[in-house]
Amino acid sequence: MTELTDFQRKISAFLPEMELRFDEPMAKHTSFRIGGGAEVMAFPKNREELAKLLKTFALLDTKFAILGAGTNVLAPDEGISGLVICLKDCLDGMERLDDTHIRVMAGVTMSRAAVFAANLGLGGLEFAHGIPGTVGGGVYMNAGAYGGEICQVCTQVEVMDMAGNMRTLSADKMGFSYRHSILEEQPGIVISADFALEPKPTEEIKARMKELIGKRSASQPLDLPSAGSAFKRPVGGYAAALIDQAGLKGYQVGGAAISTKHAGFAVNLGGATANDVKNLLREVSDKVFENSGIRIEPEIRIW
Ligand SMILES: Cc1cc2nc3c(=O)[nH]c(=O)nc-3n(C[C@H](O)[C@H](O)[C@H](O)COP(=O)(O)OP(=O)(O)OC[C@H]3O[C@@H](n4cnc5c(N)ncnc54)[C@H](O)[C@@H]3O)c2cc1C
C-alpha cells in the first residue's frame, strides 16, 4: 500500500465518519471514463456532512472541486491533488411543494426528476429526461435540450457557499444564460432546486419523454463514452454542422475521435487520454475556423 499524503492523513483525522476514498480514479466517476486519481474523494451523505466538510476544509486550505455525475467533465490524466466532493446520490430526495412546484435535491439525476414530475402529472421537465447529469450539474450550467432549458422552469436554488453557509437565490439572481449560471463566477454548491411545472396528463408527458429518448438514441453515440456535446453552439451556426462541413466526422487523435454518428460529440474509442481529447478539441476548433471563419469553444468542462 502506498503511503498516505499529508492531506489524506489530516482529512481522515478531522472527518473520521465521512466516506473518503484516496487516489480514487476519476475515470470511474466520469462518463468519458478518463482521468487519474483524486487525492481524496469525499462522499458527504447530506447537507450537514457537506457543511462540516467545507468548514474543516477551510482550515486545511487546499483547493477542491465539485463533481456531480461527471457527465460534462474532462478530468486530467495526472489526477487531481486535493479534494473532489462527489454529490451524485449524496444529496438525494424530491418533494412536491404545492400543486405545481417540486423541490429536487442536487444529487438526483435529471432523468429521475423528470420521471418524478411526470408521475405527479406535472409537465415541463420532459426535455431533461435523457440528460445524464444531476440537477446540481444541470443548474450549474443551465442544461437544456430540444427547446427546453433549466432556466425556463427553475424558480429558486438553495446554494451553500464555500464556508458551508446556506442561502436561497431566486432564478433571476442565478445569471442564467446559454449553458451558464452565475455559479461559474461566484462559486457555490447547488443543494436543491425548485421547479414550477404545469399540470398535464402523465401519459402525455411520458409519451413526449419516450419520443425524446428515441431521438437521442437515433442520433447520438450513446454506446461510446463521451461528455455529451463537445462544443457550445456558436453565434451563427451549429457546432455539429460546422464540424461535419469541415469533413471532420471520424477525425481521430489517439483514442479520442469525433463521432461518426453525431459530429457534435467527441468520443472515447477506448484508452483515450485527457490529452487526446484536449488535442482533438483544439485541432477540430482550428480546422472549423479555417473552413468557416467561426470559432467553436468547448462545452465540456476541462479540469
Ligand atoms: C450522452 C450525453 C448526453 C448529454 N446531453 C446533454 C444535453 O442534451 N443537454 C445538456 O445540457 N447537457 C448534456 N450532456 C452534458 C451533461 O449531462 C450536462 O452538462 C449535465 O448538466 C452535467 O451534470 P453532472 O451532474 O454530470 O455535472 P458534472 O459533469 O459532474 O459537473 C459539471 C460542472 O458542474 C459543476 N457541478 C456539478 N454539480 C454541482 C453542484 N451541486 N453545485 C455546483 N456545481 C456543480 C461541476 O463542478 C462542473 O464544473 C450530455 C452528456 C452526455 C454524456
# chains A, B, ... in the order shown; residues from 1 in each chain; ligands from 1
call {"tool": "residues_near_ligand", "arguments": {"ligand": "ligand 1", "cutoff": "6 Å", "atoms": "only C-alpha atoms and all ligand atoms", "output": "PyMOL selection string"}}
result
chain A and resi 31+65-73+106+131-134+136-138+140+143-145+188-191+222+226-228+301
call {"tool": "write_last_selection", "arguments": {"atoms": "N, CA and C atoms", "output": "compact mmCIF listing (two decimals), in the first residue's frame"}}
result
# COMPACT_ATOMS: atom_id res chain seq x y z
N SER A 31 -18.26 10.23 -17.30
CA SER A 31 -18.88 9.48 -18.41
C SER A 31 -17.89 9.29 -19.56
N ALA A 65 -12.79 20.52 -5.75
CA ALA A 65 -13.69 20.57 -6.91
C ALA A 65 -14.96 19.82 -6.58
N ILE A 66 -16.05 20.26 -7.21
CA ILE A 66 -17.35 19.62 -7.01
C ILE A 66 -17.66 18.75 -8.21
N LEU A 67 -18.08 17.54 -7.94
CA LEU A 67 -18.44 16.61 -9.02
C LEU A 67 -19.87 16.16 -8.84
N GLY A 68 -20.66 16.23 -9.93
CA GLY A 68 -21.99 15.64 -9.90
C GLY A 68 -21.88 14.23 -10.45
N ALA A 69 -22.54 14.00 -11.60
CA ALA A 69 -22.45 12.68 -12.23
C ALA A 69 -21.24 12.57 -13.15
N GLY A 70 -20.49 13.66 -13.28
CA GLY A 70 -19.28 13.62 -14.11
C GLY A 70 -19.56 13.46 -15.60
N THR A 71 -20.72 13.96 -16.05
CA THR A 71 -21.09 13.77 -17.46
C THR A 71 -20.77 14.97 -18.33
N ASN A 72 -20.11 15.97 -17.73
CA ASN A 72 -19.71 17.13 -18.53
C ASN A 72 -18.27 17.53 -18.23
N VAL A 73 -17.52 16.58 -17.68
CA VAL A 73 -16.19 16.90 -17.18
C VAL A 73 -15.12 16.07 -17.89
N ALA A 106 -29.82 18.25 -5.21
CA ALA A 106 -28.85 18.40 -6.30
C ALA A 106 -28.26 17.10 -6.80
N ILE A 131 -30.93 13.64 -20.22
CA ILE A 131 -29.67 14.33 -19.91
C ILE A 131 -29.09 13.57 -18.71
N PRO A 132 -27.90 12.98 -18.86
CA PRO A 132 -27.46 12.03 -17.82
C PRO A 132 -26.91 12.63 -16.53
N GLY A 133 -26.85 13.97 -16.44
CA GLY A 133 -26.25 14.60 -15.27
C GLY A 133 -27.23 14.75 -14.11
N THR A 134 -26.70 15.33 -13.02
CA THR A 134 -27.53 15.61 -11.84
C THR A 134 -28.20 16.98 -11.97
N GLY A 136 -27.88 19.28 -9.77
CA GLY A 136 -26.85 20.26 -9.40
C GLY A 136 -26.01 20.68 -10.60
N GLY A 137 -25.54 19.69 -11.35
CA GLY A 137 -24.76 19.97 -12.55
C GLY A 137 -25.59 20.70 -13.60
N GLY A 138 -26.86 20.32 -13.68
CA GLY A 138 -27.77 20.94 -14.66
C GLY A 138 -28.02 22.40 -14.36
N TYR A 140 -25.96 24.30 -12.53
CA TYR A 140 -24.67 24.98 -12.66
C TYR A 140 -24.45 25.46 -14.09
N ALA A 143 -28.44 23.41 -18.08
CA ALA A 143 -28.55 22.36 -19.09
C ALA A 143 -29.84 22.50 -19.88
N GLY A 144 -29.80 22.04 -21.10
CA GLY A 144 -31.00 22.13 -21.94
C GLY A 144 -30.95 21.18 -23.11
N ALA A 145 -32.13 20.96 -23.68
CA ALA A 145 -32.21 20.08 -24.86
C ALA A 145 -33.59 20.24 -25.48
N GLY A 188 -20.29 28.37 -5.61
CA GLY A 188 -21.26 27.95 -4.61
C GLY A 188 -21.73 26.56 -5.01
N ILE A 189 -22.27 25.84 -4.05
CA ILE A 189 -22.69 24.47 -4.33
C ILE A 189 -24.21 24.41 -4.34
N VAL A 190 -24.77 23.93 -5.43
CA VAL A 190 -26.22 23.77 -5.52
C VAL A 190 -26.62 22.64 -4.57
N ILE A 191 -27.57 22.94 -3.69
CA ILE A 191 -28.06 21.92 -2.75
C ILE A 191 -29.40 21.38 -3.22
N LEU A 222 -24.54 6.84 -28.08
CA LEU A 222 -24.71 6.52 -26.65
C LEU A 222 -23.98 5.24 -26.25
N SER A 226 -18.56 9.50 -23.59
CA SER A 226 -18.42 10.89 -24.06
C SER A 226 -18.83 11.80 -22.92
N ALA A 227 -18.83 13.10 -23.18
CA ALA A 227 -19.38 14.04 -22.20
C ALA A 227 -20.47 14.88 -22.87
N GLY A 228 -21.20 14.26 -23.79
CA GLY A 228 -22.27 14.97 -24.48
C GLY A 228 -21.70 15.88 -25.56
N ARG A 301 -16.42 20.77 -19.54
CA ARG A 301 -15.59 21.45 -18.52
C ARG A 301 -14.27 20.72 -18.41
call {"tool": "select_by_dssp", "arguments": {"residues": "segment 63-283 of chain A", "states": "alpha helix (DSSP H)", "output": "number ranges by chain"}}
result
A: 110-119, 135-140, 150-153, 202-219, 239-245, 274-283
call {"tool": "atom_distance", "arguments": {"atom1": "atom CA of Asp98 of chain A", "atom2": "atom CA of Asn165 of chain A"}}
result
26.6 Å
call {"tool": "residues_around", "arguments": {"residues": "Cys151 of chain A", "least_positions_apart": "5", "cutoff": "8 Å", "atoms": "only C-alpha atoms", "output": "tab-separated table (two decimals) with N, CA and C atoms, in the first residue's frame"}}
result
chain	number	residue	atom	x	y	z
A	139	VAL	N	-28.18	22.72	-13.07
A	139	VAL	CA	-28.39	24.13	-12.68
A	139	VAL	C	-27.10	24.90	-12.91
A	142	ASN	N	-26.95	25.41	-16.57
A	142	ASN	CA	-28.21	25.67	-17.27
A	142	ASN	C	-28.39	24.69	-18.44
A	171	ALA	N	-34.48	32.58	-9.18
A	171	ALA	CA	-33.92	32.29	-10.51
A	171	ALA	C	-33.35	33.54	-11.17
A	176	PHE	N	-28.68	33.06	-15.30
A	176	PHE	CA	-28.76	32.01	-16.32
A	176	PHE	C	-28.63	32.59	-17.72
A	177	SER	N	-27.79	31.95	-18.53
A	177	SER	CA	-27.79	32.22	-19.97
A	177	SER	C	-27.41	30.90	-20.62
call {"tool": "closest_residue", "arguments": {"among": "A:Leu197, A:Met174, A:Leu212, A:Met141", "to": "Asp99 of chain A", "atoms": "only C-alpha atoms"}}
result
A:Leu197
call {"tool": "closest_residue", "arguments": {"among": "A:Gly293, A:Gly93, A:Pro76, A:Pro298", "to": "Phe116 of chain A", "atoms": "only C-alpha atoms"}}
result
A:Gly93
call {"tool": "residues_around", "arguments": {"residues": "segment 37-44 of chain A", "least_positions_apart": "5", "cutoff": "12 Å", "atoms": "only C-alpha atoms", "output": "ChimeraX atom specification"}}
result
/A:3-12,15-30,49-54,57,62-68,75-92,107,303
call {"tool": "residues_around", "arguments": {"residues": "Asp286 of chain A", "least_positions_apart": "2", "cutoff": "12 Å", "atoms": "only C-alpha atoms", "output": "list in words"}}
result
Leu242, Ile243, Ala246, Leu248, Asn279, Leu280, Leu281, Arg282, Glu283, Val284, Val288, Phe289, Glu290, Asn291, Ser292, Gly293, Ile294, Arg295, Ile296 and Glu297 of chain A
call {"tool": "atom_distance", "arguments": {"atom1": "atom CA of Phe127 of chain A", "atom2": "atom CA of Tyr146 of chain A"}}
result
6.1 Å
call {"tool": "atom_distance", "arguments": {"atom1": "atom CA of Met209 of chain A", "atom2": "atom CA of Tyr178 of chain A"}}
result
22.3 Å
call {"tool": "closest_residue", "arguments": {"among": "A:Leu60, A:Val157, A:Met110, A:Ala13", "to": "Ile182 of chain A", "atoms": "only C-alpha atoms"}}
result
A:Val157
call {"tool": "closest_residue", "arguments": {"among": "A:Asp172, A:Asp194, A:Glu184, A:Glu126", "to": "Lys206 of chain A", "atoms": "only C-alpha atoms"}}
result
A:Glu126
call {"tool": "closest_residue", "arguments": {"among": "A:Ser259, A:Ser170, A:Ser192, A:Gln220", "to": "Glu158 of chain A", "atoms": "only C-alpha atoms"}}
result
A:Ser192
call {"tool": "select_by_dssp", "arguments": {"residues": "segment 1-145 of chain A", "states": "strand (DSSP E or B)", "output": "PyMOL selection string"}}
result
chain A and resi 19-25+37-43+64-67+73-74+80-86+94-96+101-105+109+122-123+134+144-145
call {"tool": "residues_around", "arguments": {"residues": "Asn268 of chain A", "least_positions_apart": "3", "cutoff": "8 Å", "atoms": "only C-alpha atoms", "output": "tab-separated table (two decimals) with C-alpha atoms, in the first residue's frame"}}
result
chain	number	residue	atom	x	y	z
A	32	PHE	CA	-15.75	9.91	-20.61
A	33	ARG	CA	-14.11	7.15	-18.49
A	224	LEU	CA	-19.37	5.12	-26.52
A	225	PRO	CA	-18.07	7.12	-23.54
A	226	SER	CA	-18.42	10.89	-24.06
A	255	GLY	CA	-8.04	7.17	-28.63
A	256	ALA	CA	-10.39	10.16	-28.98
A	257	ALA	CA	-12.45	10.92	-32.06
A	271	GLY	CA	-7.95	4.13	-23.95
A	272	ALA	CA	-8.28	7.83	-24.79
